[in-house]
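start_16.cif, holding mmCIF, C-alpha atoms:
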data_work
loop_
_atom_site.label_atom_id
_atom_site.label_comp_id
_atom_site.auth_asym_id
_atom_site.auth_seq_id
_atom_site.Cartn_x
_atom_site.Cartn_y
_atom_site.Cartn_z
CA MET I 1 52.40 13.58 120.33
CA ILE I 2 50.32 15.99 118.26
CA LEU I 3 49.58 12.94 116.10
CA VAL I 4 46.97 11.99 118.70
CA ASN I 5 45.14 15.25 117.91
CA TYR I 6 45.31 14.54 114.19
CA LEU I 7 43.88 11.07 114.69
CA ALA I 8 41.20 12.42 117.02
CA ALA I 9 40.20 14.88 114.27
CA ALA I 10 40.08 12.00 111.77
CA ALA I 11 37.94 9.96 114.18
CA LEU I 12 35.57 12.89 114.70
CA LEU I 13 35.24 13.34 110.95
CA CYS I 14 34.50 9.62 110.53
CA ILE I 15 31.81 9.72 113.25
CA GLY I 16 30.19 12.65 111.43
CA LEU I 17 30.44 10.86 108.10
CA TYR I 18 28.88 7.70 109.53
CA ALA I 19 26.00 9.77 110.93
CA VAL I 20 25.41 11.43 107.55
CA LEU I 21 25.51 8.10 105.72
CA THR I 22 23.34 5.99 108.01
CA ARG I 23 20.89 8.37 109.69
CA ARG I 24 17.58 9.22 108.08
CA ASN I 25 16.59 11.97 110.49
CA MET I 26 17.68 15.14 108.73
CA ILE I 27 18.53 16.99 111.96
CA LYS I 28 20.94 14.16 112.78
CA MET I 29 22.42 14.42 109.31
CA VAL I 30 23.05 18.13 109.89
CA MET I 31 24.59 17.24 113.25
CA GLY I 32 26.87 14.80 111.41
CA LEU I 33 27.94 17.55 109.01
CA SER I 34 28.60 19.86 111.97
CA LEU I 35 30.77 17.17 113.55
CA MET I 36 32.75 16.91 110.32
CA GLU I 37 33.16 20.68 110.38
CA ALA I 38 34.34 20.58 113.99
CA ALA I 39 36.87 17.92 113.00
CA THR I 40 38.43 20.33 110.49
CA TYR I 41 38.72 23.03 113.19
CA LEU I 42 40.47 20.60 115.53
CA PHE I 43 42.74 19.49 112.71
CA MET I 44 43.72 23.02 111.67
CA ILE I 45 44.40 24.19 115.21
CA SER I 46 46.45 21.03 115.91
CA LEU I 47 48.38 21.58 112.69
CA ALA I 48 49.19 25.12 113.88
CA TYR I 49 50.82 23.83 117.09
CA ARG I 50 54.61 23.99 117.34
CA SER I 51 56.54 22.33 120.13
CA GLY I 52 57.85 24.81 122.73
CA SER I 53 56.29 27.74 120.91
CA THR I 54 54.17 30.61 122.11
CA ALA I 55 51.14 32.47 120.73
CA PRO I 56 51.84 34.58 117.63
CA VAL I 57 51.58 37.95 119.38
CA LEU I 58 54.39 40.48 118.97
CA LEU I 59 53.88 42.05 122.35
CA SER I 60 55.37 41.23 125.74
CA PRO I 61 57.10 37.97 124.77
CA PRO I 62 57.25 35.34 127.54
CA PRO I 63 60.35 35.20 129.79
CA GLY I 64 63.40 33.89 127.99
CA LYS I 65 62.13 34.91 124.56
CA THR I 66 62.59 38.11 122.60
CA ALA I 67 60.41 39.69 119.94
CA GLN I 68 63.05 38.59 117.42
CA ASP I 69 62.53 34.93 118.49
CA LEU I 70 58.85 35.37 117.73
CA VAL I 71 59.46 36.98 114.36
CA HIS I 72 61.79 34.14 113.42
CA GLY I 73 59.14 31.57 113.83
CA ASN I 74 59.12 30.17 117.35
CA VAL I 75 55.32 30.56 117.45
CA ALA I 76 52.17 28.64 116.59
CA ASP I 77 51.30 28.96 112.90
CA PRO I 78 49.14 32.11 112.54
CA VAL I 79 47.93 31.22 109.02
CA LEU I 80 46.11 28.12 110.22
CA GLN I 81 44.60 30.10 113.08
CA ASN I 82 43.30 32.52 110.44
CA PHE I 83 41.75 29.65 108.48
CA CYS I 84 40.06 28.30 111.59
CA LEU I 85 38.75 31.71 112.60
CA THR I 86 36.99 32.38 109.33
CA ALA I 87 35.88 28.76 108.96
CA VAL I 88 33.98 28.93 112.26
CA VAL I 89 31.87 31.88 111.10
CA ILE I 90 31.27 30.40 107.65
CA GLY I 91 30.43 27.06 109.34
CA VAL I 92 27.74 28.71 111.45
CA ALA I 93 26.18 30.32 108.39
CA VAL I 94 26.28 27.12 106.33
CA THR I 95 24.76 25.11 109.19
CA ALA I 96 22.00 27.73 109.32
CA VAL I 97 21.33 27.16 105.61
CA PHE I 98 21.09 23.39 106.21
CA LEU I 99 18.78 23.87 109.17
CA SER I 100 16.51 26.30 107.34
CA VAL I 101 16.16 23.78 104.49
CA VAL I 102 15.38 21.04 107.03
CA VAL I 103 12.77 23.19 108.77
CA ARG I 104 11.14 24.01 105.43
CA ILE I 105 11.07 20.30 104.50
CA ALA I 106 9.61 19.45 107.90
CA GLN I 107 6.94 22.12 107.51
CA HIS I 108 6.06 20.97 104.02
CA TYR I 109 6.16 17.19 104.45
CA ARG I 110 5.53 17.04 108.19
CA THR I 111 8.38 14.61 108.65
CA LEU I 112 12.11 14.70 109.29
CA ASP I 113 12.65 11.25 107.78
CA SER I 114 14.54 11.75 104.53
CA ASP I 115 13.14 8.46 103.19
CA ARG I 116 9.63 9.87 103.32
CA VAL I 117 10.55 13.07 101.50
CA ARG I 118 10.15 11.61 98.07
CA GLU I 119 6.64 12.28 96.90
CA LEU I 120 5.70 15.51 95.18
CA ARG I 121 3.30 17.35 97.38
CA GLY I 122 1.29 20.55 97.28
CA MET M 1 0.06 17.33 138.63
CA THR M 2 1.58 14.97 141.19
CA GLY M 3 4.94 13.29 140.85
CA PRO M 4 3.80 9.83 139.68
CA ASP M 5 1.32 11.42 137.21
CA ARG M 6 4.10 13.44 135.72
CA GLN M 7 6.25 10.35 135.37
CA ASP M 8 3.38 8.56 133.60
CA ALA M 9 2.96 11.50 131.21
CA ARG M 10 6.64 11.35 130.45
CA ARG M 11 6.55 7.61 129.89
CA ALA M 12 3.62 8.02 127.52
CA GLU M 13 5.65 10.24 125.18
CA PRO M 14 6.16 8.22 122.02
CA LEU M 15 9.76 7.40 121.26
CA GLU M 16 10.84 8.18 117.76
CA HIS M 17 11.50 5.03 115.83
CA GLU M 18 14.38 5.54 113.49
CA PRO M 19 15.18 2.54 111.36
CA GLY M 20 18.80 2.03 110.38
CA HIS M 21 19.61 2.43 106.72
CA ARG M 22 22.61 1.19 104.80
CA ARG M 23 24.48 0.61 108.05
CA LEU M 24 26.88 -1.86 106.43
CA ALA M 25 27.59 0.37 103.44
CA GLY M 26 28.01 3.34 105.78
CA ALA M 27 30.41 1.39 108.00
CA VAL M 28 32.48 0.23 105.01
CA LEU M 29 32.71 3.73 103.53
CA THR M 30 33.54 5.26 106.90
CA ALA M 31 36.22 2.64 107.53
CA GLY M 32 37.70 3.39 104.11
CA MET M 33 37.74 7.10 104.92
CA ALA M 34 39.33 6.36 108.32
CA VAL M 35 42.11 4.33 106.70
CA ALA M 36 42.77 7.02 104.08
CA LEU M 37 42.82 9.81 106.67
CA GLY M 38 44.97 7.79 109.06
CA ALA M 39 47.51 7.08 106.33
CA ALA M 40 47.53 10.75 105.28
CA MET M 41 47.90 12.06 108.82
CA ILE M 42 50.87 9.88 109.66
CA GLY M 43 52.79 11.57 106.86
CA ILE M 44 51.93 15.24 107.43
CA PRO M 45 54.19 17.76 109.26
CA ARG M 46 54.09 17.63 113.05
CA GLU M 47 54.99 19.93 115.92
CA HIS M 48 58.68 20.28 114.99
CA ALA M 49 58.08 21.37 111.38
CA ALA M 50 59.17 24.84 110.28
CA LEU M 51 56.53 27.51 109.76
CA SER M 52 55.21 27.94 106.24
CA ALA M 53 56.65 30.72 104.10
CA VAL M 54 53.47 32.79 104.26
CA ALA M 55 53.42 32.53 108.07
CA ARG M 56 57.05 33.68 108.31
CA TYR M 57 56.30 36.53 105.92
CA ALA M 58 53.30 37.62 108.00
CA MET M 59 55.35 37.52 111.22
CA THR M 60 58.00 39.68 109.58
CA VAL M 61 55.75 42.37 108.08
CA ALA M 62 53.02 42.61 110.75
CA LEU M 63 54.71 45.25 112.86
CA PRO M 64 56.79 47.28 110.35
CA ARG M 65 54.32 47.37 107.48
CA TRP M 66 50.97 47.31 109.25
CA GLY M 67 51.75 48.50 112.76
CA LEU M 68 49.96 45.42 114.14
CA THR M 69 51.22 43.44 117.10
CA GLU M 70 48.77 40.67 116.18
CA PRO M 71 50.05 38.70 113.15
CA VAL M 72 46.80 36.71 112.88
CA ASN M 73 45.00 39.99 112.23
CA GLU M 74 47.62 40.95 109.69
CA ILE M 75 46.97 37.66 107.85
CA VAL M 76 43.17 37.93 108.03
CA TYR M 77 42.99 41.51 106.77
CA GLY M 78 46.36 41.98 105.06
CA THR M 79 48.41 39.13 103.60
CA ARG M 80 45.36 36.98 102.95
CA GLY M 81 42.87 39.84 102.81
CA PHE M 82 41.59 38.73 99.43
CA ASP M 83 40.77 35.31 100.89
CA THR M 84 38.82 36.98 103.71
CA PHE M 85 37.09 39.13 101.10
CA GLY M 86 35.87 35.95 99.35
CA GLU M 87 34.80 34.35 102.61
CA THR M 88 32.83 37.45 103.54
CA PHE M 89 30.80 37.13 100.38
CA LEU M 90 30.36 33.40 101.02
CA LEU M 91 28.85 34.44 104.34
CA LEU M 92 26.65 36.97 102.56
CA ALA M 93 25.51 34.30 100.09
CA ALA M 94 24.61 31.99 102.98
CA VAL M 95 22.65 34.77 104.68
CA VAL M 96 20.78 35.58 101.47
CA SER M 97 19.99 31.85 101.04
CA VAL M 98 18.60 31.60 104.58
CA VAL M 99 16.52 34.75 104.08
CA LEU M 100 15.09 33.39 100.83
CA ILE M 101 14.38 29.95 102.27
CA CYS M 102 12.82 31.35 105.43
CA ARG M 103 10.67 33.93 103.68
CA SER M 104 6.97 33.46 104.37
CA ARG M 105 4.84 32.15 101.57
CA GLU M 106 3.46 34.87 99.37
CA GLY M 107 -0.18 35.18 98.42
CA ARG M 108 -1.09 33.47 95.18
CA TRP M 109 -2.42 35.73 92.45
CA GLY M 110 -4.01 33.10 90.28
CA ASP M 111 -4.70 29.37 90.12
CA ILE M 112 -2.26 27.70 87.79
CA GLY M 113 -3.85 24.34 88.31
CA GLU M 114 -1.07 22.36 89.92
CA SER M 115 -3.14 21.41 92.93
CA LEU M 116 -5.78 19.92 90.61
CA ALA M 117 -3.09 18.10 88.66
CA GLY M 118 -1.58 16.72 91.85
CA GLN M 119 -4.93 15.49 93.19
CA ARG M 120 -4.45 11.84 92.30
CA GLU M 121 -0.92 11.72 93.63
CA GLN M 122 -2.00 13.52 96.76
CA ARG M 123 -4.61 10.87 97.47
CA GLN M 124 -2.03 8.11 97.03
CA SER M 125 0.70 9.63 99.12
CA ASP M 126 -1.40 11.22 101.83
CA PRO M 127 -4.80 9.51 102.08
CA ALA M 128 -7.21 11.62 104.05
CA GLY M 129 -8.05 9.60 107.13
CA ASP M 130 -9.26 10.40 110.59
CA ALA M 131 -6.55 12.05 112.62
CA ASP M 132 -5.63 10.15 115.77
CA ALA M 133 -5.69 11.73 119.24
CA GLY M 134 -2.08 12.88 119.09
CA GLU M 135 -2.57 14.51 115.70
CA ARG M 136 -5.74 16.27 116.87
CA GLN M 137 -3.95 17.57 119.96
CA ALA M 138 -1.03 18.82 117.88
CA ARG M 139 -3.31 20.60 115.40
CA SER M 140 -5.31 22.17 118.21
CA ALA M 141 -2.12 23.40 119.92
CA GLU M 142 -0.89 24.80 116.63
CA ARG M 143 -4.15 26.70 115.99
CA ARG M 144 -4.01 28.11 119.52
CA GLU M 145 -0.38 29.14 119.04
CA GLN M 146 -1.30 30.98 115.86
CA GLY M 147 -4.04 32.86 117.69
CA GLN M 148 -6.86 31.15 115.77
CA PRO M 149 -8.40 28.63 118.21
CA GLY M 150 -11.18 26.52 116.75
CA PRO M 151 -14.55 25.95 118.47
CA GLY M 152 -13.53 22.65 120.07
CA ASP M 153 -10.04 23.64 121.11
CA PRO M 154 -9.30 23.89 124.83
CA ALA M 155 -8.44 27.38 126.04
CA GLY M 156 -4.79 27.97 126.86
CA PRO M 157 -3.54 29.43 130.15
CA ALA M 158 -4.33 33.10 130.77
CA THR M 159 -0.71 34.07 131.37
CA PRO M 160 2.56 32.20 130.86
CA ASP M 161 2.93 32.02 134.66
CA ALA M 162 -0.24 29.92 134.86
CA VAL M 163 1.40 27.05 132.99
CA PRO M 164 2.29 24.37 135.55
CA LEU M 165 5.92 23.36 135.81
CA GLY M 166 6.82 20.24 133.88
CA THR M 167 4.22 20.84 131.19
CA PRO M 168 5.46 19.50 127.87
CA ALA M 169 6.54 21.91 125.12
CA PRO M 170 5.76 24.24 123.43
CA GLU M 171 6.87 26.75 126.01
CA THR M 172 4.61 29.76 126.13
CA ALA M 173 6.55 32.11 128.41
CA ASP M 174 8.03 35.05 126.50
CA ALA M 175 10.41 36.33 129.16
CA MET M 176 12.61 34.78 131.81
CA THR M 177 12.39 35.23 135.57
CA VAL M 178 13.48 38.40 137.32
CA VAL M 179 16.68 36.72 138.52
CA VAL M 180 17.76 35.88 134.98
CA ARG M 181 16.65 39.27 133.66
CA THR M 182 18.71 41.08 136.31
CA ALA M 183 21.78 38.97 135.53
CA ILE M 184 21.33 39.69 131.83
CA ARG M 185 21.01 43.43 132.49
CA ILE M 186 24.38 43.34 134.23
CA ALA M 187 26.06 41.10 131.64
CA LEU M 188 24.80 42.85 128.50
CA PRO M 189 26.77 46.11 128.71
CA LEU M 190 29.92 44.22 129.72
CA LEU M 191 29.61 41.84 126.78
CA GLY M 192 28.79 44.68 124.40
CA ALA M 193 31.85 46.65 125.57
CA ALA M 194 34.02 43.52 125.26
CA GLY M 195 32.82 42.95 121.68
CA LEU M 196 33.55 46.54 120.67
CA TYR M 197 36.94 46.43 122.41
CA LEU M 198 37.87 43.32 120.41
CA VAL M 199 37.30 45.12 117.14
CA ALA M 200 38.46 48.61 118.11
CA TRP M 201 41.99 47.87 119.29
CA GLY M 202 42.87 45.04 116.97
CA TYR M 203 44.64 43.04 119.69
CA SER M 204 42.42 40.03 119.27
CA PRO M 205 42.98 37.44 116.55
CA GLY M 206 40.41 38.14 113.90
CA GLY M 207 39.05 41.43 115.28
CA GLY M 208 35.68 41.77 113.56
CA PHE M 209 34.94 38.04 113.36
CA PRO M 210 34.88 37.25 117.10
CA ALA M 211 33.52 40.72 117.89
CA GLY M 212 30.56 40.20 115.54
CA ALA M 213 29.85 36.85 117.18
CA VAL M 214 29.97 38.47 120.63
CA LEU M 215 27.51 41.19 119.58
CA VAL M 216 25.14 38.57 118.16
CA GLY M 217 25.43 36.86 121.55
CA VAL M 218 24.38 40.13 123.21
CA LEU M 219 21.32 40.33 120.97
CA LEU M 220 20.40 36.69 121.60
CA LEU M 221 20.80 37.11 125.32
CA ALA M 222 18.44 40.11 125.25
CA TYR M 223 15.97 38.11 123.16
CA ALA M 224 16.13 35.09 125.47
CA GLY M 225 15.80 37.17 128.62
CA PHE M 226 13.24 39.79 127.67
CA GLY M 227 11.32 38.32 124.75
CA ARG M 228 10.96 39.24 121.13
CA ARG M 229 9.14 42.52 121.70
CA ARG M 230 12.14 44.08 123.46
CA VAL M 231 14.51 43.42 120.56
CA ALA M 232 11.95 43.98 117.80
CA ALA M 233 13.12 47.57 117.27
CA ILE M 234 16.56 46.31 116.25
CA VAL M 235 15.73 42.93 114.77
CA ARG M 236 13.89 44.16 111.69
CA PRO M 237 14.89 42.51 108.42
CA GLY M 238 14.70 45.82 106.55
CA LEU M 239 17.11 47.51 108.98
CA LEU M 240 19.56 44.61 109.46
CA GLU M 241 19.76 43.80 105.75
CA ALA M 242 20.51 47.45 104.92
CA ILE M 243 23.26 47.58 107.58
CA GLU M 244 24.72 44.28 106.36
CA LEU M 245 24.89 45.47 102.77
CA ALA M 246 26.48 48.72 103.96
CA GLY M 247 29.18 46.59 105.65
CA ALA M 248 29.69 44.58 102.46
CA THR M 249 29.95 47.80 100.42
CA ALA M 250 32.50 49.21 102.88
CA ILE M 251 34.63 46.05 102.45
CA ILE M 252 34.48 46.30 98.65
CA VAL M 253 35.41 50.00 98.73
CA THR M 254 38.25 49.38 101.22
CA GLU M 255 39.74 46.64 99.06
CA LEU M 256 39.27 48.41 95.73
CA LEU M 257 40.79 51.66 96.96
CA GLY M 258 43.97 49.64 97.58
CA LEU M 259 43.95 48.76 93.88
CA VAL M 260 43.26 52.33 92.80
CA LEU M 261 45.66 54.13 95.16
CA ARG M 262 48.43 51.56 95.74
CA GLY M 263 48.19 49.27 92.74
CA SER M 264 47.02 46.09 94.46
CA VAL M 265 43.79 44.87 96.00
CA SER M 266 43.96 44.80 99.79
CA ALA M 267 47.03 47.08 99.95
CA ASN M 268 47.06 49.56 102.80
CA TRP M 269 46.19 53.11 101.70
CA LEU M 270 45.61 54.68 105.12
CA PRO M 271 48.39 56.31 107.17
CA LEU M 272 49.60 54.09 110.01
CA ALA M 273 49.35 55.35 113.55
CA GLN M 274 51.53 54.32 116.49
CA PRO M 275 51.29 50.54 117.17
CA GLN M 276 48.84 49.56 119.92
CA THR M 277 46.57 52.49 119.22
CA ILE M 278 43.11 52.44 117.71
CA LEU M 279 44.28 53.38 114.19
CA SER M 280 47.45 51.29 114.17
CA GLY M 281 46.43 48.78 111.53
CA GLY M 282 45.59 51.09 108.63
CA ILE M 283 42.95 49.44 106.44
CA ALA M 284 43.16 46.30 108.58
CA GLN M 285 41.17 48.15 111.24
CA LEU M 286 38.69 49.49 108.69
CA PHE M 287 38.25 46.02 107.17
CA SER M 288 37.90 44.56 110.66
CA ALA M 289 35.17 47.05 111.62
CA SER M 290 33.31 46.38 108.36
CA GLU M 291 33.64 42.67 109.05
CA LEU M 292 32.10 43.23 112.48
CA ILE M 293 29.05 44.77 110.77
CA GLU M 294 28.92 41.98 108.20
CA VAL M 295 29.28 39.10 110.67
CA GLY M 296 27.12 40.66 113.39
CA THR M 297 24.17 41.53 111.17
CA GLY M 298 24.56 38.43 108.97
CA LEU M 299 24.42 36.01 111.88
CA ALA M 300 21.60 37.99 113.53
CA ILE M 301 19.50 37.88 110.33
CA THR M 302 20.18 34.16 109.95
CA ILE M 303 19.36 33.22 113.53
CA PHE M 304 16.21 35.33 113.77
CA ALA M 305 15.02 34.12 110.36
CA LEU M 306 15.34 30.55 111.66
CA ILE M 307 13.56 31.41 114.91
CA GLY M 308 10.75 33.08 112.96
CA MET M 309 10.04 30.02 110.84
CA GLY M 310 7.94 28.35 113.53
CA HIS M 311 4.49 29.36 112.34
CA ASP M 312 4.63 28.68 108.65
CA TRP M 313 3.37 25.13 108.32
CA THR M 314 1.64 23.82 105.25
CA PRO M 315 -2.11 23.92 106.01
CA ASP M 316 -3.68 20.62 106.97
CA GLU M 317 -5.35 18.79 104.13
CA GLN M 318 -9.11 18.67 104.61
CA PRO M 319 -10.90 15.53 103.41
CA GLY M 320 -12.83 16.19 100.21
CA ARG M 321 -11.26 19.60 99.68
CA GLU M 322 -8.16 18.62 97.77
CA GLY M 323 -7.76 20.86 94.79
CA ALA M 324 -10.19 23.41 96.10
CA GLU M 325 -9.00 26.96 96.37
CA ARG M 326 -7.42 27.64 99.74
CA SER M 327 -8.24 30.75 101.61
#

Mind turning this structure into structure tokens?
Amino acid sequence: MILVNYLAAAALLCIGLYAVLTRRNMIKMVMGLSLMEAATYLFMISLAYRSGSTAPVLLSPPPGKTAQDLVHGNVADPVLQNFCLTAVVIGVAVTAVFLSVVVRIAQHYRTLDSDRVRELRG
Amino acid sequence: MTGPDRQDARRAEPLEHEPGHRRLAGAVLTAGMAVALGAAMIGIPREHAALSAVARYAMTVALPRWGLTEPVNEIVYGTRGFDTFGETFLLLAAVVSVVLICRSREGRWGDIGESLAGQREQRQSDPAGDADAGERQARSAERREQGQPGPGDPAGPATPDAVPLGTPAPETADAMTVVVRTAIRIALPLLGAAGLYLVAWGYSPGGGFPAGAVLVGVLLLAYAGFGRRRVAAIVRPGLLEAIELAGATAIIVTELLGLVLRGSVSANWLPLAQPQTILSGGIAQLFSASELIEVGTGLAITIFALIGMGHDWTPDEQPGREGAERS
């Protein structure tokens, strides 16, 4: 039933997309982008799940399993965990770039409404 | 302030009016995306699928070739080390962008005439009118916050403790209560040790990535609890940027030495120690420690640059002074 997770990730991404498309408050647009980012994390971690598997750690395997079982693939996919791990850090930094641009716009135009950020000023 | 007064003050806060835009188009596009994603996700591999070839490879080589009991670490710093290398410099690019965007405005050395040229447009887009009460209050609060109160501005409270509870933002206190400060004093060394443990022993997935985030958390906790002055010795752009670039240089050297000594970028060129010891991962541990520096300082620079942007507003336009030289 991991399909439910996949669909939840798709729903989360769509909520974020709808926020980006229909909101005019730039903070809410950044929140929408963050939601879309979070959807990819959920998707990658769900994609890493394997039924009846254990964590990909080659140390003290759970009862009934040997280290050989782990090596031969009865574990969650470690590559997707790697993607998720690095994506989280990059996501934080990219969100910071968005937010710093928004703060600069707010300081310059004194508004967060993207519709009003059209005139040349200063 | 009594209870009902406070409620009235809260009720008087203006609600932001945010008109909807292109709701129908947004809904149609989102529905299209939902259908496309739904169709794609029904067909992708599920929980019974076999592991990918690269995952099986990493599981097989983690212990014999790298001495790592943590295959995720082997992938981050070994099998897909070049990918992590690229991501690190994406992080560095993001940090540099934030630093550039957040940099304070520099003094102008000469008038190049754009304010005169923009005079007509300025009048159209931002006609100088009398500020209403809310605007006057906001400007007065801003001048006070910047330490330049005008003649008509009300004086602020003598100390942060004199601000009555429930007063609307901006908050003026620069440190938290003694209860919170004591809790933070206890938590800080534990968190710091946990962060260093994560990177030192290489048992945690990712090593330097989560450890860097934990150490940034330590710094933020100290900032929140004790105020900016207590972390100012560490949070200096000159210092943090130098440390971050040292981390980036260490990553480049680590990866390139693999090419020089072993014939491929990201190959291990350090002797492997016994698994589950501090040197067990070869260059994976070195890369992980450099990543800790990169992530820790990068996120700290980014967050504190954002926090420091608060007092850099475009000066208010003064009626009749458009185009005049600003002080």

Sort by chain and increasing residue number a table of all residues of chain M within 6 Å of chain I, each with its closest pair of atoms and their distance in Å to one decimal, counting only C-alpha atoms, and write it as JSON lines.
{"residue": "M:His21", "atom": "CA", "partner": "I:Thr22", "partner_atom": "CA", "distance": 5.3}
{"residue": "M:Arg22", "atom": "CA", "partner": "I:Thr22", "partner_atom": "CA", "distance": 5.8}
{"residue": "M:Arg23", "atom": "CA", "partner": "I:Thr22", "partner_atom": "CA", "distance": 5.5}
{"residue": "M:Gly26", "atom": "CA", "partner": "I:Leu21", "partner_atom": "CA", "distance": 5.4}
{"residue": "M:Thr30", "atom": "CA", "partner": "I:Cys14", "partner_atom": "CA", "distance": 5.8}
{"residue": "M:Glu47", "atom": "CA", "partner": "I:Arg50", "partner_atom": "CA", "distance": 4.3}
{"residue": "M:His48", "atom": "CA", "partner": "I:Ser51", "partner_atom": "CA", "distance": 5.9}
{"residue": "M:Ala55", "atom": "CA", "partner": "I:Val79", "partner_atom": "CA", "distance": 5.7}
{"residue": "M:Met59", "atom": "CA", "partner": "I:Val71", "partner_atom": "CA", "distance": 5.2}
{"residue": "M:Thr60", "atom": "CA", "partner": "I:Val71", "partner_atom": "CA", "distance": 5.7}
{"residue": "M:Thr69", "atom": "CA", "partner": "I:Leu58", "partner_atom": "CA", "distance": 4.7}
{"residue": "M:Glu70", "atom": "CA", "partner": "I:Val57", "partner_atom": "CA", "distance": 5.1}
{"residue": "M:Val72", "atom": "CA", "partner": "I:Pro78", "partner_atom": "CA", "distance": 5.2}
{"residue": "M:Val76", "atom": "CA", "partner": "I:Asn82", "partner_atom": "CA", "distance": 5.9}
{"residue": "M:Leu91", "atom": "CA", "partner": "I:Ile90", "partner_atom": "CA", "distance": 5.8}
{"residue": "M:Ala94", "atom": "CA", "partner": "I:Ala93", "partner_atom": "CA", "distance": 5.9}
{"residue": "M:Val98", "atom": "CA", "partner": "I:Val97", "partner_atom": "CA", "distance": 5.3}
{"residue": "M:Trp313", "atom": "CA", "partner": "I:Gln107", "partner_atom": "CA", "distance": 4.7}
{"residue": "M:Thr314", "atom": "CA", "partner": "I:His108", "partner_atom": "CA", "distance": 5.4}

Residue subset to file, keeping C-alpha atoms, as a JSON list (two decimals), in the coordinates of the input:
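See again.json below for the written result:
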[["chain", "number", "residue", "atom", "x", "y", "z"],
["M", 21, "HIS", "CA", 19.61, 2.43, 106.72],
["M", 22, "ARG", "CA", 22.61, 1.19, 104.80],
["M", 23, "ARG", "CA", 24.48, 0.61, 108.05],
["M", 26, "GLY", "CA", 28.01, 3.34, 105.78],
["M", 30, "THR", "CA", 33.54, 5.26, 106.90],
["M", 47, "GLU", "CA", 54.99, 19.93, 115.92],
["M", 48, "HIS", "CA", 58.68, 20.28, 114.99],
["M", 55, "ALA", "CA", 53.42, 32.53, 108.07],
["M", 59, "MET", "CA", 55.35, 37.52, 111.22],
["M", 60, "THR", "CA", 58.00, 39.68, 109.58],
["M", 69, "THR", "CA", 51.22, 43.44, 117.10],
["M", 70, "GLU", "CA", 48.77, 40.67, 116.18],
["M", 72, "VAL", "CA", 46.80, 36.71, 112.88],
["M", 76, "VAL", "CA", 43.17, 37.93, 108.03],
["M", 91, "LEU", "CA", 28.85, 34.44, 104.34],
["M", 94, "ALA", "CA", 24.61, 31.99, 102.98],
["M", 98, "VAL", "CA", 18.60, 31.60, 104.58],
["M", 313, "TRP", "CA", 3.37, 25.13, 108.32],
["M", 314, "THR", "CA", 1.64, 23.82, 105.25]]

Study note, to complete from the structure: Expressed in Å, the length from CA of Leu270 (chain M) to CA of Gly78 (chain M) is 12.7 Å

Review point. Which residue, M:Phe287, M:Phe304, M:Phe89, M:Tyr57, has the smallest gap to Gly208 (chain M) when you use all atoms listed in the file?
Key: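 Checking each candidate against Gly208 (chain M), we get M:Phe287 as the closest.
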
Review point. Can you tell me how far CA of Ala53 (chain M) sits from CA of Thr88 (chain M), in Å to one decimal?
Key: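 Value for the CA of Ala53 (chain M)-CA of Thr88 (chain M) distance: 24.8 Å.
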
Exercise for review: Find the distance between CA of Gly67 (chain M) and CA of Pro210 (chain M) and write it in Å to one decimal.
Suggested key: 20.7 Å

Check your understanding: For the file shown, what are the residues hit by the PyMOL selection byres ((chain M and resi 225) around 12), laid out as a PyMOL selection string?
Key -> chain M and resi 173-188+217-224+226-231

Check your understanding: So, counting all atoms listed in the file, which residue among M:Pro271, M:Pro237, M:Gly212, M:Gly81 is closest to Thr302 (chain M)?
Key ->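 Ranked by minimum distance to Thr302 (chain M), first place goes to M:Pro237.
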
Practice item. Check what the PyMOL selection byres ((chain M and resi 192) around 9) selects in the file above and give those residues as a ChimeraX atom specification. Key: /M:187-191,193-197,211,214-215,217-218

Once the PyMOL selection byres ((chain M and resi 280-284) around 6) has been applied to the shown file, what residues remain in the selection, as a PDB file with C-alpha atoms, in the frame of the given file?
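The resulting file, part.pdb, is shown below:
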ATOM      1  CA  TRP M  66      50.970  47.310 109.250  1.00  0.00           C
ATOM      2  CA  GLY M  67      51.750  48.500 112.760  1.00  0.00           C
ATOM      3  CA  LEU M  68      49.960  45.420 114.140  1.00  0.00           C
ATOM      4  CA  TYR M  77      42.990  41.510 106.770  1.00  0.00           C
ATOM      5  CA  ASN M 268      47.060  49.560 102.800  1.00  0.00           C
ATOM      6  CA  LEU M 270      45.610  54.680 105.120  1.00  0.00           C
ATOM      7  CA  LEU M 272      49.600  54.090 110.010  1.00  0.00           C
ATOM      8  CA  ALA M 273      49.350  55.350 113.550  1.00  0.00           C
ATOM      9  CA  GLN M 274      51.530  54.320 116.490  1.00  0.00           C
ATOM     10  CA  PRO M 275      51.290  50.540 117.170  1.00  0.00           C
ATOM     11  CA  THR M 277      46.570  52.490 119.220  1.00  0.00           C
ATOM     12  CA  ILE M 278      43.110  52.440 117.710  1.00  0.00           C
ATOM     13  CA  LEU M 279      44.280  53.380 114.190  1.00  0.00           C
ATOM     14  CA  GLN M 285      41.170  48.150 111.240  1.00  0.00           C
ATOM     15  CA  LEU M 286      38.690  49.490 108.690  1.00  0.00           C
ATOM     16  CA  PHE M 287      38.250  46.020 107.170  1.00  0.00           C
ATOM     17  CA  SER M 288      37.900  44.560 110.660  1.00  0.00           C
TER      18      SER M 288
END

Review point. Near Leu239 (chain M), within 12 Å and counting only C-alpha atoms, which residues show up once chain neighbours fewer than 6 positions away are dropped, as a list in words?
Key: Ala232, Ala233, Leu245, Ala246, Thr297, Gly298, Ala300 and Ile301 of chain M

First collect every listed atom of region 92-102 of chain M; then fit an axis-aligned box around them, widen it by 5 Å on each side, and give centre and edge lengths in Å to one decimal, as JSON.
{"center_x": 19.7, "center_y": 33.5, "center_z": 102.8, "size_x": 23.8, "size_y": 17.0, "size_z": 15.3}
